[in-house]
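Here the structure is laid out as structure tokens; the discussion comes afterwards.
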Amino acid sequence: ERILCDADLDYLGRDDFFMIAHRLRFEWNNMGLNVTSLKDWYLLQIKFLEDHRYYTSSNQQLREPGKQKNLELVKELFQN
């Protein structure tokens with residue numbers, strides 16, 4: 001179960017994070033789960049990335065550094 005959780009959220013620490021996150025936002029909007037502004041979306045992403053923890057040691061080593069980098073980039077976008 002933990003391996004599946006890590007596999008599902010593996011993208012958080014990858015270079016394609018923003019592409020996948022924006023597709024997710026598009027899906028949410030199509031389902032009626034509207035995030036009213038991009039700033040609100042970035043805030044949701046910040047909270048999620050800060051609260052998320054990888055379970056497996058491989059993802060902790062391989063993806064956590066990238067996730068922290070993506071978190072900092074989202075914070076910068078939120079501030080602008």
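Chain labels follow the order of the structure tokens: the first chain is A, the next B, and so on; residue numbering restarts at 1 in every chain, and ligands are counted from 1 in their shown order.
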Handout entry: Near-Leu73 in chain A list (10 Å; only C-alpha atoms; drop same-chain fewer than 4 positions) as a VMD selection string
Key = chain A and resid 18 42 46 67 to 69 77 to 79
Using N, CA and C atoms, can you export the residues from the last selection as a PDB file, in the first residue's frame?
ATOM      1  N   PHE A  18       4.973  20.448 -12.636  1.00  0.00           N
ATOM      2  CA  PHE A  18       4.048  21.532 -12.976  1.00  0.00           C
ATOM      3  C   PHE A  18       3.078  21.128 -14.083  1.00  0.00           C
ATOM      4  N   TYR A  42      -2.008  27.548  -6.179  1.00  0.00           N
ATOM      5  CA  TYR A  42      -0.643  27.487  -5.656  1.00  0.00           C
ATOM      6  C   TYR A  42      -0.645  27.302  -4.141  1.00  0.00           C
ATOM      7  N   ILE A  46       1.151  24.298  -2.157  1.00  0.00           N
ATOM      8  CA  ILE A  46       2.124  24.528  -1.081  1.00  0.00           C
ATOM      9  C   ILE A  46       1.762  23.698   0.141  1.00  0.00           C
ATOM     10  N   LYS A  67      11.124  17.299  -4.791  1.00  0.00           N
ATOM     11  CA  LYS A  67       9.877  17.815  -4.223  1.00  0.00           C
ATOM     12  C   LYS A  67      10.133  19.126  -3.493  1.00  0.00           C
ATOM     13  N   GLN A  68      11.225  19.200  -2.762  1.00  0.00           N
ATOM     14  CA  GLN A  68      11.561  20.440  -2.055  1.00  0.00           C
ATOM     15  C   GLN A  68      11.852  21.570  -3.041  1.00  0.00           C
ATOM     16  N   LYS A  69      12.510  21.242  -4.146  1.00  0.00           N
ATOM     17  CA  LYS A  69      12.772  22.231  -5.192  1.00  0.00           C
ATOM     18  C   LYS A  69      11.457  22.725  -5.789  1.00  0.00           C
ATOM     19  N   LEU A  77       6.075  31.357  -7.193  1.00  0.00           N
ATOM     20  CA  LEU A  77       4.929  31.698  -8.041  1.00  0.00           C
ATOM     21  C   LEU A  77       3.801  32.300  -7.215  1.00  0.00           C
ATOM     22  N   PHE A  78       3.589  31.772  -6.027  1.00  0.00           N
ATOM     23  CA  PHE A  78       2.538  32.284  -5.145  1.00  0.00           C
ATOM     24  C   PHE A  78       2.823  33.727  -4.738  1.00  0.00           C
ATOM     25  N   GLN A  79       4.088  34.043  -4.504  1.00  0.00           N
ATOM     26  CA  GLN A  79       4.462  35.390  -4.066  1.00  0.00           C
ATOM     27  C   GLN A  79       4.335  36.426  -5.180  1.00  0.00           C
TER      28      GLN A  79
END
Exercise for the section: Please identify all polymer residues within 12 Å of Pro65 in chain A, counting only C-alpha atoms, omitting same-chain residues fewer than 3 positions from it, and present them as a ChimeraX atom specification. Expected result: /A:10,12-15,49,53-54,58-62,68-72
What would the file look like if the residues just selected were written as a compact mmCIF listing (two decimals), in the first residue's frame with N, CA and C atoms?
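Okay, this is what ended up in again-v8.txt:
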# COMPACT_ATOMS: atom_id res chain seq x y z
N ASP A 10 4.69 10.10 -7.05
CA ASP A 10 6.09 10.18 -7.47
C ASP A 10 6.38 11.49 -8.20
N LEU A 12 5.60 14.41 -7.64
CA LEU A 12 5.85 15.59 -6.80
C LEU A 12 7.32 15.97 -6.80
N GLY A 13 8.18 15.00 -7.00
CA GLY A 13 9.61 15.25 -6.98
C GLY A 13 10.28 15.19 -8.34
N ARG A 14 9.46 15.25 -9.38
CA ARG A 14 10.02 15.17 -10.74
C ARG A 14 9.96 16.51 -11.45
N ASP A 15 10.69 16.58 -12.57
CA ASP A 15 10.72 17.81 -13.36
C ASP A 15 9.39 18.11 -14.05
N LEU A 49 2.32 19.91 -0.61
CA LEU A 49 3.74 19.54 -0.66
C LEU A 49 4.39 19.59 0.72
N ARG A 53 4.62 13.21 2.79
CA ARG A 53 5.83 12.47 3.13
C ARG A 53 5.88 11.21 2.28
N TYR A 54 7.04 10.92 1.72
CA TYR A 54 7.23 9.65 1.01
C TYR A 54 7.43 8.55 2.03
N SER A 58 13.53 4.59 -1.05
CA SER A 58 13.98 4.96 -2.40
C SER A 58 13.40 6.31 -2.82
N ASN A 59 12.11 6.54 -2.58
CA ASN A 59 11.53 7.83 -2.94
C ASN A 59 12.01 8.94 -2.00
N GLN A 60 12.28 8.60 -0.76
CA GLN A 60 12.82 9.61 0.15
C GLN A 60 14.16 10.10 -0.38
N GLN A 61 14.95 9.21 -0.92
CA GLN A 61 16.26 9.59 -1.45
C GLN A 61 16.18 10.19 -2.85
N LEU A 62 15.34 9.59 -3.71
CA LEU A 62 15.30 10.00 -5.12
C LEU A 62 14.39 11.18 -5.40
N GLN A 68 11.23 19.20 -2.76
CA GLN A 68 11.56 20.44 -2.06
C GLN A 68 11.85 21.57 -3.04
N LYS A 69 12.51 21.24 -4.15
CA LYS A 69 12.77 22.23 -5.19
C LYS A 69 11.46 22.72 -5.79
N ASN A 70 10.54 21.80 -6.08
CA ASN A 70 9.24 22.19 -6.63
C ASN A 70 8.44 23.01 -5.64
N LEU A 71 8.54 22.69 -4.37
CA LEU A 71 7.87 23.48 -3.33
C LEU A 71 8.37 24.91 -3.35
N GLU A 72 9.67 25.09 -3.43
CA GLU A 72 10.22 26.45 -3.47
C GLU A 72 9.77 27.20 -4.71
Practice task
Name all residues at most 10 Å from Trp41 in chain A (count only C-alpha atoms; drop same-chain ones fewer than 3 positions away) and give them as number ranges by chain.
Solution key: A: 21-22, 25, 34-38, 44-46, 74, 78
Problem - Best match for closeness to Glu64 in chain A among A:His52, A:Arg2, A:Arg23, A:Lys47, counting only C-alpha atoms - result: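 Among the listed residues, the smallest separation from Glu64 in chain A belongs to A:His52.
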Exercise for the section: Rank A:Glu76, A:Asp40, A:Asn29, A:Tyr55 by their smallest atom-to-atom distance to Asp8 in chain A, using only C-alpha atoms, and report the top residue only. Expected result: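 Of the candidates, the smallest distance to Asp8 in chain A is held by A:Tyr55.
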Practice task
Find the distance between CA of Asn80 in chain A and CA of Lys39 in chain A and write it in Å to one decimal.
Solution key: 9.0 Å
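CA of Ile3 in chain A to CA of Met19 in chain A spans 23.0 Å [interatomic distance, one decimal].
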Exercise for the section: Check the DSSP output for the backbone and give back, as a VMD selection string, the residues of chain A in alpha helix (DSSP H). Expected result: chain A and resid 2 to 8 17 to 30 38 to 51 57 to 62 64 to 79
Problem - CA of Ile20 in chain A to CA of Asp6 in chain A, distance in Å rounded to a single decimal - result: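 According to the coordinates, CA of Ile20 in chain A and CA of Asp6 in chain A are separated by 15.5 Å.
Using only C-alpha atoms for every distance, the candidate list A:Glu27, A:Thr56, A:Gly66, A:Glu50 yields A:Thr56 as the residue closest to Ala7 in chain A.
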